[in-house]
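Only one structure is covered here, and it is reproduced in the block below.
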Amino acid sequence: SPTCQKRRKRKQWYQRRVRGMIRCLQKVGSSALRHLSAVRNASTYAAGDKIHGYTVSAVDDVPDFNLTSIELIHDKTGARHCHVIRDDSNNSFSVGFATTPRDDTGVAHILEHTALCGSDMYPVRDPFFKMLTRSFSTFMNAFTGPDFTMYPFSTQNEQDFYNLLSVYCDAALFPNLNRLDFLQEGWRLEHSDISDISSDIVFKGVVFNEMKGYTNNTGYIFGQSVLNGLLPSHTYGSCSGGDPMAIPNLSHEQLVSFHKTHYHPSNAIFYTYGDLPLEKHLEKIGAVVSQFDPITPNTLVPSEPSWSEPREIIVRGPHDPSVADNENNLTVAINYKLPPVNDRYLNTALSIVADALITGTQSKFYEALILPELGSDFAPGTGLHSYTKDTYFTIGVKGVTKDNVSQVIKAIEDVWRSVAEEGLDEVQVAALLHQIEISKKHQTTSFGLHLGVGVLGAWLHGSKPAEYLQLNSHLKRFKELESEGNHIKDLVKEHFLNNQHKLTVTLIPDAEYGKKLSDKEEDLLKEKTSQLTPEDKETIQKQALELQAAQDTAQDLSCLPCIQIDDVPTTPLHYDVHSTNVEGVPVRVYTGPTNGLSYFRCLVSDCDLADEQESVLPLYSDILSSVGAGGRGYQDCDLQKMLRTGKFSCSTHTSADKDHMDRYRLGTLLSSYCLNENLPFMYSLWQELLSNPHFHETDRIKALLDANVAGQKDHITGSGHQFALTRSRSHISPLGELGEQLGGFKQAQTVQSFHSQDIGTLVSEIASTHVSHSDRSLFSVAINTTAENVDENLDALSQLFRGIPDIKSSKDYGIVNREIVAVDSVNEFIEISNLGVNFCARSYRGVPASHPDSPTLTLLGSLLSSKFLHKEIREKGGAYGSGAVVNNQTFSFFSYRDPNNVATLSTFDKAIDWACQGSFTDQHLEEAKISVIGKLDAPIAPGRRGISEFLGGLDFAQRQAFRAGILGTRREDLQRVAQQYLSKDQTHGNVVVGAETETDKFRDLGYSIDKFGQAIEE
């Protein structure tokens, strides 16, 4: 009967809730027991121990980072394994291989992609991407370096860890490497219309298009030229990522052969980290690697033979349309080969010297190169590089005139001579050492992953993990040697001043750069297609249809492991907050294990700003944290920040109102942290900066503006999808319009406009903006610290606020409310010269975060991203990335490094139809829930706990309701919101960012046309 059914459902619901509570308690208990077990077992390991076919070769405690490292060798294959025991539930894994290609075909990079397209145990298409929605992972990726390939992940869930470990190991060591997957991920010839054999033939492939996206990035071109030119004799003389002009020379057979010789346990380094027990890791991994016989891999990278005299090369790169005179916009740098990476002490010592010379406005290279305006900013890659066999150092500047090239080179040599004769200022060295000390204490949730990358790079080239981790002993040795008076001088003389193995690289912008690349691609395409017979073209068409059929074939994913929805905790994480009031300012205090540090954040409301002042806020924030204050000039301020704090910054902050549409908060966020012993100084410096900033330091402000303009083009081309998204949101939302004004193309125009005027104009605007920040009634503060240091923080805050007036603004704190002007949908094309790919975006109006439809729309974004857009835009279309996201009361689609544009916009339409028609399964919905909850439960470092809510995010009750909304969503709910918010009659903004070759096409389609930096047509 209906009554019985209701009772049965209530009983089932109650049982699920009880099971969920039990699992939650078990999870907390098992995590604690897991940690205790791991810590206890750390002391039981010793060199020579035998565990599951491995022999322990070393055990080292590393108190600097509160961890124990264990090195092991697999007895049969020689596979190396580093396990790090640490009190961290965000457990990490990686397997890495030495990959040393000797050509530019991108074989290592394409293999990295193709290996993740199916394996022996998991013979489905793309298990890697499918596991993104079947896992609670906090990180999943793979990447190719100059001489290695690495497959890392992290997760807080034990079962999830072993699920992912199985998928990763099988993908790396037993991949299918099907030819169709190679064609999809690497490169292929394909008709532009695969149903029409007479249509044009083009290049396609995910990696091919990914690398085309890099060809317009000056920083990438410059860095690759440095590496190829400085270390040319072995693998570093090649482009490991692949040159688009060489990728089409790679065959499927060569890819398979490369895997056989490189992806083998004898050439592998495994890494595990966290609080899970080592024995189970070794049991699982050992069962896989034991299936192999040992080989002798030929992947050792030799040191580069030293040169007897310096060399020079000239490189051509893309011009910057925002710069008036590109002929005088050169990038110049000198690059020095340094000792091998396995000399850990010299690496540390030279890193200290190098960083002291380039960090801060008081550094010698800043004073020699930037202050005299020999360049606008340091060259891309400036600093010490320690990810290659031989380390190297780059120093130079961009924005150099032709007449100043020789002066730049002379200035660099003069600095080396000066340091060789006089050494470095003791205070500057002390400041650098303080930064190292505080970085050891500053906790991040990705510590284990970053450590794994460092261990892999060091161990591949002969440096054991323990040597890589023992930082304190190297610092102690450096201080002892420098105390004798000549250590820094001797280091500079030997490794820089008298070093003949140095390469001067000059990059000259070329207005025809993009056209020349297009011509090269066209010539290569003609070479590949000119001799094709009708039978060859039929084969190409048949291959394309076969690939499409494979992409469209429904797959049985039952072989893939999956976290169950019942395993999802029903309650979100919560951190207790103590709310108080200091001199009338609301203060939220979060206490926790911050490792001897205190974190300060102050949000200054900008609700009183005039509309025309808002666009200046990003520049204001950049300048406020970079000028002098009180009795200190900007160089002294810089030095004191390095000596006493770990971070000292200002940024513009916006957040959508969580309860109301078209309302938002706008403010300036002040952020810093320091050792608890330096609390009085940190707050004192903020008081000086807020009370008496040195906006009269016009040379410093001009240098900041120059650096901002110099980095615009690379920033836009590297994050084109974000700029496209921001622009598309600006057409349908007041907050979106503000986002465009503060961080989109309009902000780039604002910066360029100020750059073209007298610097006094900007100074006047900045000073006017600062007046509105001198009112503590507009302040709100969050503190993260230990319980013992709460009172000290509050006392110091009291001192800070007493020096700032309390004007008592009458406005509703921090709230801006604007009406959206009803407009038709907007279609816009933004042209960037030389851009080799497209970035597409479309945005619709959404709902506030606390609205009942917000979790459903969030789920819809996850579902569309993983189950429709990935296949259609990435696999079929060849784009590097795509997705659908909910952000700031909007629902948006995007593509990244996309060879297509109109076709992608059509795919957005198809995605909406797919959702409206409910063409997804219940399993798809469950996986979307797992994926979203996994992101909600991502670990939070002690120094950031509670900050999301402080900055306008959902409170605990709202997060609980949002979570319940996710778990309770039904398929008909997804269909309803798709129909309600994404229908064709809903106002939306379409934006495509692309090259000048696409402009006429979009003009003919009725799009408005803008050009990067200036409007050319409305």
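Labels for the structure tokens follow display order: chains A, B, ..., residues from 1 in each chain, ligands from 1.
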
Which neighbours of stretch 171-183 of chain A fall inside 7 Å, counting only C-alpha atoms, when residues of the same chain fewer than 3 positions from it are skipped, and could you give them as a VMD selection string?
-> chain A and resid 114 to 120 167 to 168 186 to 188 205 252 256 263 to 264 547

Could you save those same residues with C-alpha atoms as a short mmCIF file (atom, residue, chain, number, x, y, z; two decimals), in the first residue's frame?
data_model
loop_
_atom_site.label_atom_id
_atom_site.label_comp_id
_atom_site.auth_asym_id
_atom_site.auth_seq_id
_atom_site.Cartn_x
_atom_site.Cartn_y
_atom_site.Cartn_z
CA THR A 114 48.22 7.85 -25.49
CA ALA A 115 49.21 5.64 -22.54
CA LEU A 116 46.16 6.98 -20.71
CA CYS A 117 43.75 5.84 -23.45
CA GLY A 118 43.23 2.26 -22.27
CA SER A 119 45.25 -0.67 -20.91
CA ASP A 120 45.20 -4.43 -20.34
CA VAL A 167 44.66 2.35 -13.06
CA TYR A 168 47.88 4.38 -13.19
CA GLY A 186 49.07 12.83 -31.55
CA TRP A 187 48.35 13.82 -35.11
CA ARG A 188 46.47 12.74 -38.23
CA GLY A 205 45.41 15.90 -33.05
CA HIS A 252 52.64 4.93 -34.49
CA VAL A 256 55.23 1.87 -29.52
CA TYR A 263 58.30 2.70 -19.83
CA HIS A 264 59.84 -0.18 -17.93
CA LEU A 547 37.93 6.89 -35.34
#

Would you kindly return, as an MDAnalysis selection string, each protein, DNA or RNA residue with an atom no farther than 8 Å from any atom of A:Tyr271, considering only C-alpha atoms and excluding same-chain residues fewer than 6 positions away?
-> chainID A and resid 81:84 92:95 452

Using only C-alpha atoms, determine which residues lie at most 6 Å from A:Tyr844, disregarding the query and same-chain residues fewer than 2 positions distant; provide the list as a list in words.
-> Thr890, Phe891 and His988 of chain A

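Those residues that approach A:Asp343 to within 12 Å, counting only C-alpha atoms, are Leu338, Pro339, Pro340, Val341, Tyr345, Leu346, Asn347, Thr348, Ala349, Leu350, Ser386, Lys389, Asp390, Thr391, Ala458, Trp459, His461, Gly462, Ser463, Lys464, Glu467, Tyr468 and His474 of chain A; same-chain residues fewer than 2 positions away are not listed.
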
Can you list, as a PDB file with C-alpha atoms, in the first residue's frame, every residue of stretch 42-158 of chain A that DSSP puts in strand (DSSP E or B)?
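The resulting file, selection20.pdb, is reproduced below:
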ATOM      1  CA  LYS A  50      63.201  -7.126   2.776  1.00  0.00           C
ATOM      2  CA  ILE A  51      59.574  -6.198   2.038  1.00  0.00           C
ATOM      3  CA  TYR A  54      62.020  -4.917  -2.281  1.00  0.00           C
ATOM      4  CA  THR A  55      65.149  -4.157  -0.297  1.00  0.00           C
ATOM      5  CA  VAL A  56      65.339  -1.041   1.852  1.00  0.00           C
ATOM      6  CA  SER A  57      68.463   0.885   0.855  1.00  0.00           C
ATOM      7  CA  ALA A  58      68.142   3.881   3.183  1.00  0.00           C
ATOM      8  CA  VAL A  59      65.951   5.324   5.947  1.00  0.00           C
ATOM      9  CA  ASP A  60      66.295   8.991   6.835  1.00  0.00           C
ATOM     10  CA  ASP A  61      64.463  11.230   9.258  1.00  0.00           C
ATOM     11  CA  VAL A  62      64.040  14.761   7.920  1.00  0.00           C
ATOM     12  CA  LEU A  67      58.908  13.368   7.656  1.00  0.00           C
ATOM     13  CA  THR A  68      60.812  10.122   7.211  1.00  0.00           C
ATOM     14  CA  SER A  69      61.968   9.006   3.781  1.00  0.00           C
ATOM     15  CA  ILE A  70      62.548   5.381   2.860  1.00  0.00           C
ATOM     16  CA  GLU A  71      64.416   4.371  -0.285  1.00  0.00           C
ATOM     17  CA  LEU A  72      63.891   0.912  -1.727  1.00  0.00           C
ATOM     18  CA  ILE A  73      65.028  -1.073  -4.746  1.00  0.00           C
ATOM     19  CA  HIS A  74      62.932  -3.801  -6.358  1.00  0.00           C
ATOM     20  CA  ARG A  80      63.388   2.480  -7.506  1.00  0.00           C
ATOM     21  CA  HIS A  81      60.834   3.512  -4.886  1.00  0.00           C
ATOM     22  CA  CYS A  82      60.793   6.453  -2.481  1.00  0.00           C
ATOM     23  CA  HIS A  83      58.214   6.381   0.317  1.00  0.00           C
ATOM     24  CA  VAL A  84      57.692   9.441   2.515  1.00  0.00           C
ATOM     25  CA  ILE A  85      55.956   8.981   5.865  1.00  0.00           C
ATOM     26  CA  ARG A  86      54.261  12.175   7.037  1.00  0.00           C
ATOM     27  CA  ASN A  91      48.258  10.706   0.154  1.00  0.00           C
ATOM     28  CA  SER A  92      50.181  10.971  -3.100  1.00  0.00           C
ATOM     29  CA  PHE A  93      51.516   8.550  -5.702  1.00  0.00           C
ATOM     30  CA  SER A  94      53.516   8.918  -8.869  1.00  0.00           C
ATOM     31  CA  VAL A  95      55.399   6.787 -11.321  1.00  0.00           C
ATOM     32  CA  GLY A  96      58.004   8.527 -13.414  1.00  0.00           C
ATOM     33  CA  PHE A  97      60.279   7.459 -16.240  1.00  0.00           C
ATOM     34  CA  ALA A  98      63.425   8.893 -17.746  1.00  0.00           C
ATOM     35  CA  SER A 119      45.255  -0.669 -20.906  1.00  0.00           C
ATOM     36  CA  PHE A 139      44.784  15.837  -8.012  1.00  0.00           C
ATOM     37  CA  MET A 140      45.099  13.729 -11.156  1.00  0.00           C
ATOM     38  CA  PHE A 143      53.072  15.690 -17.622  1.00  0.00           C
ATOM     39  CA  THR A 144      56.189  15.545 -19.748  1.00  0.00           C
ATOM     40  CA  PHE A 148      61.121  12.708 -17.759  1.00  0.00           C
ATOM     41  CA  THR A 149      57.457  11.774 -17.883  1.00  0.00           C
ATOM     42  CA  MET A 150      55.441  11.610 -14.679  1.00  0.00           C
ATOM     43  CA  TYR A 151      52.003  10.286 -13.737  1.00  0.00           C
ATOM     44  CA  PRO A 152      50.935  11.660 -10.301  1.00  0.00           C
ATOM     45  CA  PHE A 153      47.732  11.667  -8.260  1.00  0.00           C
ATOM     46  CA  SER A 154      46.625  12.399  -4.706  1.00  0.00           C
ATOM     47  CA  THR A 155      43.562  11.518  -2.657  1.00  0.00           C
TER      48      THR A 155
END

Selection: 8 Å around A:Val837, only C-alpha atoms, excl. self and same-chain fewer than 3 positions, as number ranges by chain = A: 209, 212-213, 897-900, 994-995

Serialized selection, all heavy atoms, as a tab-separated table (two decimals), in the first residue's frame:
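So the final result, stored in result-v4.tsv, reads:
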chain	number	residue	atom	x	y	z
A	209	ASN	N	47.61	20.37	-31.59
A	209	ASN	CA	46.98	21.66	-31.32
A	209	ASN	C	47.45	22.27	-30.00
A	209	ASN	O	47.56	23.50	-29.89
A	209	ASN	CB	45.46	21.50	-31.30
A	209	ASN	CG	44.90	21.28	-32.69
A	209	ASN	OD1	45.19	22.02	-33.61
A	209	ASN	ND2	44.10	20.23	-32.85
A	212	LYS	N	50.65	23.93	-30.86
A	212	LYS	CA	50.40	25.14	-31.67
A	212	LYS	C	50.04	26.30	-30.75
A	212	LYS	O	50.38	27.46	-31.04
A	212	LYS	CB	49.27	24.89	-32.67
A	212	LYS	CG	49.70	24.19	-33.95
A	212	LYS	CD	48.56	24.10	-34.94
A	212	LYS	CE	48.17	25.46	-35.49
A	212	LYS	NZ	47.13	25.35	-36.54
A	213	GLY	N	49.36	26.00	-29.65
A	213	GLY	CA	49.00	27.05	-28.71
A	213	GLY	C	50.20	27.69	-28.05
A	213	GLY	O	50.13	28.84	-27.61
A	897	ARG	N	42.62	26.14	-26.38
A	897	ARG	CA	43.53	25.75	-27.47
A	897	ARG	C	42.80	24.86	-28.47
A	897	ARG	O	43.13	23.69	-28.66
A	897	ARG	CB	44.79	25.07	-26.91
A	897	ARG	CG	45.69	26.06	-26.19
A	897	ARG	CD	46.97	25.43	-25.68
A	897	ARG	NE	47.78	26.44	-25.00
A	897	ARG	CZ	48.76	26.17	-24.15
A	897	ARG	NH1	49.07	24.92	-23.89
A	897	ARG	NH2	49.43	27.13	-23.57
A	898	ASP	N	41.85	25.46	-29.10
A	898	ASP	CA	40.87	24.77	-29.93
A	898	ASP	C	41.14	25.08	-31.41
A	898	ASP	O	41.22	26.25	-31.78
A	898	ASP	CB	39.47	25.27	-29.54
A	898	ASP	CG	38.35	24.45	-30.13
A	898	ASP	OD1	38.60	23.66	-31.05
A	898	ASP	OD2	37.21	24.62	-29.66
A	899	PRO	N	41.28	24.06	-32.26
A	899	PRO	CA	41.48	24.33	-33.69
A	899	PRO	C	40.19	24.82	-34.36
A	899	PRO	O	40.23	25.32	-35.48
A	899	PRO	CB	41.92	22.98	-34.25
A	899	PRO	CG	41.29	21.98	-33.34
A	899	PRO	CD	41.32	22.62	-31.97
A	900	ASN	N	39.07	24.64	-33.68
A	900	ASN	CA	37.77	25.00	-34.25
A	900	ASN	C	37.17	26.21	-33.53
A	900	ASN	O	37.62	26.59	-32.46
A	900	ASN	CB	36.80	23.81	-34.12
A	900	ASN	CG	37.37	22.53	-34.70
A	900	ASN	OD1	37.72	22.48	-35.86
A	900	ASN	ND2	37.50	21.51	-33.85
A	994	GLY	N	40.50	34.56	-31.36
A	994	GLY	CA	41.20	33.85	-32.42
A	994	GLY	C	42.12	34.77	-33.21
A	994	GLY	O	42.30	35.95	-32.88
A	995	ALA	N	42.68	34.22	-34.27
A	995	ALA	CA	43.67	34.93	-35.08
A	995	ALA	C	43.01	35.84	-36.12
A	995	ALA	O	41.82	35.72	-36.41
A	995	ALA	CB	44.60	33.94	-35.76

Name the residues in contact with A:Arg588 at a cut-off of 7 Å, using only C-alpha atoms, excluding same-chain residues fewer than 4 positions from it; report them as an MDAnalysis selection string.
-> chainID A and resid 577:580 781:783

Those residues you just picked out, can you put them in a file as a PDB file, in the first residue's frame with C-alpha atoms?
ATOM      1  CA  VAL A 577      35.566  30.231  14.355  1.00  0.00           C
ATOM      2  CA  HIS A 578      35.784  32.754  17.160  1.00  0.00           C
ATOM      3  CA  SER A 579      34.209  36.074  16.217  1.00  0.00           C
ATOM      4  CA  THR A 580      35.266  39.207  18.050  1.00  0.00           C
ATOM      5  CA  VAL A 781      39.632  40.728   9.262  1.00  0.00           C
ATOM      6  CA  ALA A 782      40.413  37.023   9.424  1.00  0.00           C
ATOM      7  CA  ILE A 783      43.282  35.585  11.459  1.00  0.00           C
TER       8      ILE A 783
END

Can you pull out every residue within 8 Å of A:Leu227, counting only C-alpha atoms, but drop anything in the same chain fewer than 5 positions away, and send it as a list in words?
->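 Using only C-alpha atoms, the neighbours found are Pro232, Tyr236 and Gly237 of chain A.
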
Quick one, how far is atom CA of A:Gly596 from atom CA of A:Asn676?
->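 Result for atom CA of A:Gly596 versus atom CA of A:Asn676: 5.9 Å, one decimal.
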
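Each of A:Glu304, A:Glu972, A:Glu546, A:Asp576 was checked against A:Ser195 using only C-alpha atoms; the smallest atom-to-atom distance is that of A:Glu546.
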